[in-house]
>>> print(open('target-v4.cif').read())   # mmCIF, C-alpha atoms and all ligand atoms
data_run
#
loop_
_atom_site.label_atom_id
_atom_site.label_comp_id
_atom_site.auth_asym_id
_atom_site.auth_seq_id
_atom_site.Cartn_x
_atom_site.Cartn_y
_atom_site.Cartn_z
CA MET P 1 16.37 -11.76 -40.27
CA SER P 2 17.28 -10.37 -43.67
CA ILE P 3 14.99 -10.71 -46.67
CA ASN P 4 16.37 -12.68 -49.59
CA ILE P 5 14.93 -12.59 -53.11
CA ALA P 6 16.45 -14.96 -55.69
CA ILE P 7 16.28 -14.25 -59.41
CA ASP P 8 17.66 -16.83 -61.81
CA GLY P 9 17.49 -17.16 -65.55
CA PRO P 10 19.48 -17.37 -68.76
CA ALA P 11 21.88 -14.75 -70.13
CA GLY P 12 20.21 -11.58 -71.34
CA ALA P 13 16.81 -12.17 -69.72
CA GLY P 14 17.09 -8.72 -68.14
CA LYS P 15 17.82 -10.05 -64.65
CA SER P 16 20.42 -7.46 -63.74
CA THR P 17 18.57 -4.38 -65.01
CA ILE P 18 15.29 -5.49 -63.48
CA ALA P 19 16.84 -6.60 -60.17
CA ARG P 20 18.88 -3.38 -59.89
CA ARG P 21 15.83 -1.18 -60.44
CA ALA P 22 13.64 -3.22 -58.09
CA ALA P 23 16.33 -3.16 -55.38
CA ALA P 24 16.69 0.63 -55.68
CA GLU P 25 12.95 1.08 -55.36
CA LEU P 26 12.68 -1.23 -52.34
CA GLY P 27 15.87 -0.13 -50.58
CA PHE P 28 17.46 -3.57 -50.96
CA ILE P 29 20.99 -4.36 -52.06
CA TYR P 30 21.28 -5.83 -55.54
CA VAL P 31 23.85 -8.62 -55.78
CA ASP P 32 24.98 -9.67 -59.25
CA THR P 33 26.67 -13.04 -58.70
CA GLY P 34 27.65 -13.38 -62.36
CA ALA P 35 30.17 -10.61 -61.69
CA LEU P 36 32.04 -12.93 -59.33
CA TYR P 37 32.39 -15.65 -61.97
CA ARG P 38 33.37 -12.96 -64.44
CA SER P 39 36.12 -11.70 -62.12
CA VAL P 40 37.64 -15.18 -61.91
CA ALA P 41 37.52 -15.50 -65.71
CA TYR P 42 38.96 -12.02 -66.14
CA HIS P 43 41.88 -12.87 -63.87
CA CYS P 44 42.57 -16.08 -65.85
CA ILE P 45 42.37 -14.35 -69.23
CA SER P 46 44.63 -11.49 -68.23
CA ASN P 47 47.21 -13.75 -66.59
CA GLY P 48 47.55 -16.42 -69.27
CA VAL P 49 45.69 -19.08 -67.27
CA ASP P 50 43.97 -21.60 -69.57
CA ILE P 51 40.25 -21.46 -68.70
CA ASN P 52 39.82 -24.80 -70.45
CA ALA P 53 42.17 -26.45 -67.94
CA PRO P 54 40.26 -26.83 -64.62
CA GLU P 55 43.43 -27.67 -62.66
CA GLN P 56 45.07 -24.44 -63.83
CA VAL P 57 42.02 -22.39 -62.83
CA GLU P 58 41.79 -24.19 -59.50
CA GLY P 59 45.45 -23.40 -58.90
CA ILE P 60 44.98 -19.64 -58.99
CA LEU P 61 41.99 -19.45 -56.62
CA SER P 62 44.04 -19.26 -53.42
CA GLY P 63 45.83 -16.21 -54.82
CA ILE P 64 42.78 -14.12 -55.63
CA THR P 65 40.33 -12.20 -53.47
CA PRO P 66 37.15 -11.18 -55.28
CA GLU P 67 35.00 -8.77 -53.31
CA LEU P 68 31.68 -7.06 -53.83
CA ARG P 69 31.62 -3.53 -52.47
CA PHE P 70 28.52 -1.39 -52.51
CA ILE P 71 29.24 2.25 -53.26
CA ASP P 72 26.16 4.52 -53.13
CA GLY P 73 24.06 1.38 -53.45
CA VAL P 74 25.86 0.29 -56.63
CA GLN P 75 27.79 -2.97 -56.73
CA HIS P 76 31.46 -2.78 -57.66
CA VAL P 77 33.59 -5.86 -58.16
CA PHE P 78 37.07 -5.72 -56.75
CA LEU P 79 39.73 -8.25 -57.49
CA ASN P 80 42.75 -8.15 -55.20
CA GLY P 81 41.83 -4.59 -54.27
CA GLU P 82 41.37 -3.34 -57.84
CA ASP P 83 37.99 -2.24 -59.25
CA VAL P 84 37.42 -4.46 -62.32
CA SER P 85 33.68 -3.72 -62.70
CA ASP P 86 33.99 -2.36 -66.25
CA ARG P 87 36.63 -4.76 -67.50
CA ILE P 88 34.54 -7.87 -66.81
CA ARG P 89 31.80 -6.86 -69.29
CA THR P 90 33.39 -8.01 -72.55
CA PRO P 91 32.03 -10.90 -74.66
CA GLU P 92 35.32 -12.76 -74.08
CA VAL P 93 34.89 -12.56 -70.31
CA SER P 94 31.21 -13.63 -70.67
CA MET P 95 32.20 -16.85 -72.40
CA GLY P 96 35.10 -17.33 -69.98
CA ALA P 97 32.80 -16.89 -66.97
CA SER P 98 30.49 -19.56 -68.30
CA LYS P 99 33.51 -21.89 -68.68
CA VAL P 100 35.01 -21.34 -65.21
CA SER P 101 31.57 -21.53 -63.58
CA ALA P 102 31.39 -25.24 -64.50
CA ILE P 103 34.42 -25.97 -62.29
CA PRO P 104 33.27 -27.23 -58.86
CA ALA P 105 36.21 -25.60 -57.02
CA VAL P 106 35.27 -22.20 -58.46
CA ARG P 107 31.66 -22.55 -57.30
CA ALA P 108 32.73 -23.66 -53.83
CA PHE P 109 35.19 -20.75 -53.68
CA LEU P 110 32.44 -18.18 -54.41
CA PHE P 111 29.68 -19.82 -52.37
CA ASP P 112 30.65 -18.51 -48.91
CA LEU P 113 30.96 -14.96 -50.14
CA GLN P 114 27.43 -15.07 -51.55
CA LYS P 115 26.03 -16.65 -48.38
CA LYS P 116 27.68 -14.05 -46.17
CA ILE P 117 26.16 -11.15 -48.13
CA SER P 118 22.72 -12.79 -47.98
CA ARG P 119 22.86 -13.20 -44.21
CA GLU P 120 23.82 -9.60 -43.56
CA ASN P 121 21.56 -7.66 -45.95
CA ASN P 122 18.13 -7.43 -47.50
CA ILE P 123 19.04 -8.47 -51.02
CA ILE P 124 17.89 -9.26 -54.50
CA MET P 125 20.49 -11.69 -55.77
CA ASP P 126 20.65 -12.80 -59.38
CA GLY P 127 22.47 -15.66 -61.05
CA ARG P 128 21.88 -19.19 -62.29
CA ASP P 129 21.73 -21.29 -59.11
CA ILE P 130 20.51 -18.80 -56.52
CA GLY P 131 17.09 -20.39 -55.94
CA THR P 132 18.40 -23.94 -56.28
CA VAL P 133 21.74 -23.86 -54.44
CA VAL P 134 22.81 -20.56 -52.87
CA LEU P 135 19.50 -19.47 -51.29
CA PRO P 136 17.27 -22.55 -51.17
CA ASN P 137 15.22 -20.84 -48.43
CA ALA P 138 14.82 -17.51 -50.22
CA ASP P 139 11.64 -15.58 -49.35
CA LEU P 140 10.79 -15.37 -53.05
CA LYS P 141 12.30 -17.11 -56.08
CA ILE P 142 11.77 -15.80 -59.58
CA PHE P 143 12.86 -17.52 -62.77
CA LEU P 144 13.16 -14.81 -65.38
CA THR P 145 13.37 -15.76 -69.01
CA ALA P 146 12.67 -14.59 -72.58
CA SER P 147 13.14 -16.08 -76.03
CA PRO P 148 16.79 -16.35 -77.22
CA GLU P 149 16.03 -13.84 -80.02
CA ALA P 150 14.57 -11.25 -77.63
CA ARG P 151 17.54 -11.68 -75.29
CA ALA P 152 20.07 -11.41 -78.12
CA ASP P 153 18.35 -8.28 -79.39
CA ARG P 154 18.57 -6.62 -75.95
CA ARG P 155 22.23 -7.61 -75.48
CA TYR P 156 23.08 -6.44 -79.01
CA ARG P 157 21.61 -3.00 -78.31
CA GLU P 158 23.63 -2.74 -75.08
CA LEU P 159 26.89 -3.53 -76.85
CA MET P 160 26.14 -1.47 -79.97
CA GLY P 161 28.53 1.42 -80.48
CA LYS P 162 31.18 0.01 -78.11
CA PRO P 163 34.58 -0.84 -79.55
CA ASP P 164 34.61 -4.31 -81.16
CA ALA P 165 30.84 -4.65 -80.75
CA PRO P 166 29.74 -8.05 -82.11
CA SER P 167 27.08 -8.56 -84.77
CA TYR P 168 23.53 -9.58 -83.80
CA GLU P 169 24.18 -13.06 -85.22
CA GLN P 170 27.28 -13.42 -83.04
CA VAL P 171 25.40 -12.27 -79.93
CA LEU P 172 22.59 -14.76 -80.65
CA ALA P 173 25.07 -17.61 -81.24
CA ASP P 174 26.89 -16.76 -77.96
CA ILE P 175 23.59 -16.68 -76.04
CA ILE P 176 22.48 -20.04 -77.40
CA LYS P 177 25.86 -21.59 -76.58
CA ARG P 178 25.90 -20.10 -73.06
CA ASP P 179 22.33 -21.30 -72.40
CA ARG P 180 23.32 -24.79 -73.43
CA ASP P 181 26.57 -24.81 -71.45
CA ASP P 182 25.00 -23.25 -68.33
CA SER P 183 22.02 -25.59 -68.26
CA THR P 184 23.78 -28.85 -69.13
CA ARG P 185 26.78 -28.60 -66.81
CA GLU P 186 26.94 -31.18 -64.06
CA ILE P 187 27.26 -28.83 -61.13
CA ALA P 188 24.54 -26.31 -60.19
CA PRO P 189 23.08 -26.12 -63.72
CA LEU P 190 20.76 -23.29 -64.67
CA LYS P 191 17.27 -24.53 -63.92
CA GLN P 192 14.06 -23.27 -62.43
CA ALA P 193 13.70 -24.16 -58.74
CA GLU P 194 10.51 -26.11 -58.04
CA ASP P 195 9.14 -23.31 -55.91
CA ALA P 196 10.19 -20.47 -58.25
CA VAL P 197 7.68 -18.28 -60.07
CA LEU P 198 8.23 -18.26 -63.84
CA CYS P 199 8.27 -14.83 -65.46
CA ASP P 200 8.64 -14.63 -69.25
CA THR P 201 9.55 -11.13 -70.42
CA THR P 202 9.63 -11.80 -74.20
CA GLU P 203 6.57 -9.66 -74.78
CA LEU P 204 7.16 -7.18 -71.97
CA SER P 205 9.01 -3.88 -72.10
CA LEU P 206 11.68 -3.23 -69.50
CA GLU P 207 9.30 -0.92 -67.64
CA GLU P 208 6.58 -3.57 -67.56
CA SER P 209 9.05 -6.23 -66.41
CA VAL P 210 10.37 -4.04 -63.58
CA GLU P 211 6.82 -3.22 -62.45
CA LYS P 212 5.82 -6.85 -62.50
CA ILE P 213 8.80 -7.96 -60.40
CA ILE P 214 8.33 -5.13 -57.90
CA ARG P 215 4.66 -6.08 -57.55
CA MET P 216 5.63 -9.71 -56.90
CA ILE P 217 8.15 -8.71 -54.24
CA LYS P 218 5.80 -6.26 -52.52
CA GLU P 219 3.19 -9.01 -52.26
CA ILE P 220 5.45 -11.12 -50.04
CA LEU P 221 6.79 -8.27 -47.89
O1 LIG Z 1 24.92 -13.32 -65.25
P1 LIG Z 1 26.21 -13.24 -66.11
O2 LIG Z 1 25.95 -13.26 -67.58
O3 LIG Z 1 27.07 -12.10 -65.69
O4 LIG Z 1 27.02 -14.60 -65.74
C1 LIG Z 1 28.22 -14.96 -66.37
C2 LIG Z 1 28.38 -16.47 -66.30
O5 LIG Z 1 28.60 -16.86 -64.93
C3 LIG Z 1 27.19 -17.29 -66.76
O6 LIG Z 1 27.30 -17.67 -68.12
C4 LIG Z 1 27.17 -18.49 -65.86
C5 LIG Z 1 27.94 -18.09 -64.65
N1 LIG Z 1 27.13 -17.93 -63.46
C6 LIG Z 1 26.86 -19.05 -62.71
O7 LIG Z 1 27.25 -20.14 -63.11
N2 LIG Z 1 26.17 -18.96 -61.56
C7 LIG Z 1 25.71 -17.78 -61.12
N3 LIG Z 1 25.07 -17.70 -59.96
C8 LIG Z 1 25.97 -16.60 -61.88
C9 LIG Z 1 26.65 -16.71 -63.07
#
>>> encode(input="target-v4.cif", output="structure tokens")
Amino acid sequence: MSINIAIDGPAGAGKSTIARRAAAELGFIYVDTGALYRSVAYHCISNGVDINAPEQVEGILSGITPELRFIDGVQHVFLNGEDVSDRIRTPEVSMGASKVSAIPAVRAFLFDLQKKISRENNIIMDGRDIGTVVLPNADLKIFLTASPEARADRRYRELMGKPDAPSYEQVLADIIKRDRDDSTREIAPLKQAEDAVLCDTTELSLEESVEKIIRMIKEIL
């Protein structure tokens, strides 16, 4: 039986960095499910598909094959055989991913892929509905959060210096909108599973957060 750890939480809570580091330390595979939603949004944006029109988005699903491949332990997202890992990290794709993730057909489309990976590997999987929908029987569920300001500050620093980097105010506004959209959508909204452990990293450094999560995982192993 594989070991499954679920980490959910809002945008910018540090899920991916913390989960990646913890997985490397424990020899688990880190699965970033947001990348799958991002790949669908990226495909729509680059092919003139209106992400605000669910029937248009639904229409393209049968023609795309998103895949997660693990190269030297690092997740790469492939879309129809092409590595799109870097191209899905723009603010436009972030907002688009949040939009397409509210479409039931998109969630159903990506569900099996996530389940398959969880059955075959020891994983730390992060997302919004991992503890509630994808892995309801996970060995450990963590709900990772931080204040919107702390999350915006971290995201702003990540994007700083990149071409077209947004202002701090823009990053904060995007985070607040995404939180609202992700947690109020009808299907699989972002919420803490009843049996998830809450971990607030507002006052913690990255190092402290990683250590805390690794400690929590080691306790159940
Ligand atoms: O984790 P992220 O920022 O890369 O996710 C991008 C968007 O994808 C996020 O705003 C909501 C959606 N998402 C989701 O609905 N369910 C998941 N398991 C992961 C991401």
>>> residues_around(input="target-v4.cif", residues="Ile29 in chain P", least_positions_apart="3", cutoff="10 Å", atoms="all atoms listed in the file", output="count of residues only")
19
>>> residues_near_ligand(input="target-v4.cif", ligand="ligand LIG 1 (chain Z)", cutoff="8 Å", atoms="only C-alpha atoms and all ligand atoms", output="PyMOL selection string")
chain P and resi 8+10-12+15-16+32-38+89+94-102+107+126-130+134+178-179+181-182+188-190
>>> atom_distance(input="target-v4.cif", atom1="CA of Met160 in chain P", atom2="CA of Pro66 in chain P")
28.7 Å
>>> residues_around(input="target-v4.cif", residues="range 213-215 of chain P", least_positions_apart="3", cutoff="12 Å", atoms="all atoms listed in the file", output="PyMOL selection string")
chain P and resi 5-7+14-15+17-28+124+140-144+197-201+204+206-210+218-221
>>> closest_residue(input="target-v4.cif", among="P:Val84, P:Ala193, P:Ile103, P:Met1", to="Ser46 in chain P", atoms="only C-alpha atoms")
P:Val84
>>> residues_around(input="target-v4.cif", residues="Ile64 in chain P", least_positions_apart="4", cutoff="10 Å", atoms="all atoms listed in the file", output="PyMOL selection string")
chain P and resi 39-40+43+60+79-81
>>> atom_distance(input="target-v4.cif", atom1="CA of Cys44 in chain P", atom2="CA of Lys116 in chain P")
24.8 Å
>>> axis_aligned_box(input="target-v4.cif", around="range 202-208 of chain P", padding_each_side="3 Å", output="lines of an AutoDock Vina configuration file")
center_x = 9.1
center_y = -6.4
center_z = -71.2
size_x = 11.1
size_y = 16.9
size_z = 13.2
>>> atom_distance(input="target-v4.cif", atom1="CA of Ser147 in chain P", atom2="CA of Asp164 in chain P")
25.0 Å
>>> residues_around(input="target-v4.cif", residues="Ala150 in chain P", least_positions_apart="4", cutoff="7 Å", atoms="only C-alpha atoms", output="list in words")
Ala146, Arg154 and Thr202 of chain P
>>> decode(input="target-v4.cif", residues="range 176-190 of chain P", atoms="C-alpha atoms", output="CSV table (one decimal), in the first residue's frame")
chain,number,residue,atom,x,y,z
P,176,ILE,CA,-7.9,37.6,-2.4
P,177,LYS,CA,-10.0,37.1,-5.6
P,178,ARG,CA,-8.6,33.5,-6.1
P,179,ASP,CA,-9.3,32.6,-2.4
P,180,ARG,CA,-12.9,33.8,-2.8
P,181,ASP,CA,-13.5,32.1,-6.1
P,182,ASP,CA,-11.8,28.8,-5.0
P,183,SER,CA,-13.6,28.6,-1.7
P,184,THR,CA,-17.1,29.6,-2.9
P,185,ARG,CA,-17.4,27.5,-6.1
P,186,GLU,CA,-20.0,24.8,-6.0
P,187,ILE,CA,-17.8,21.9,-6.9
P,188,ALA,CA,-15.0,20.7,-4.6
P,189,PRO,CA,-14.5,24.1,-3.0
P,190,LEU,CA,-11.3,24.9,-1.1
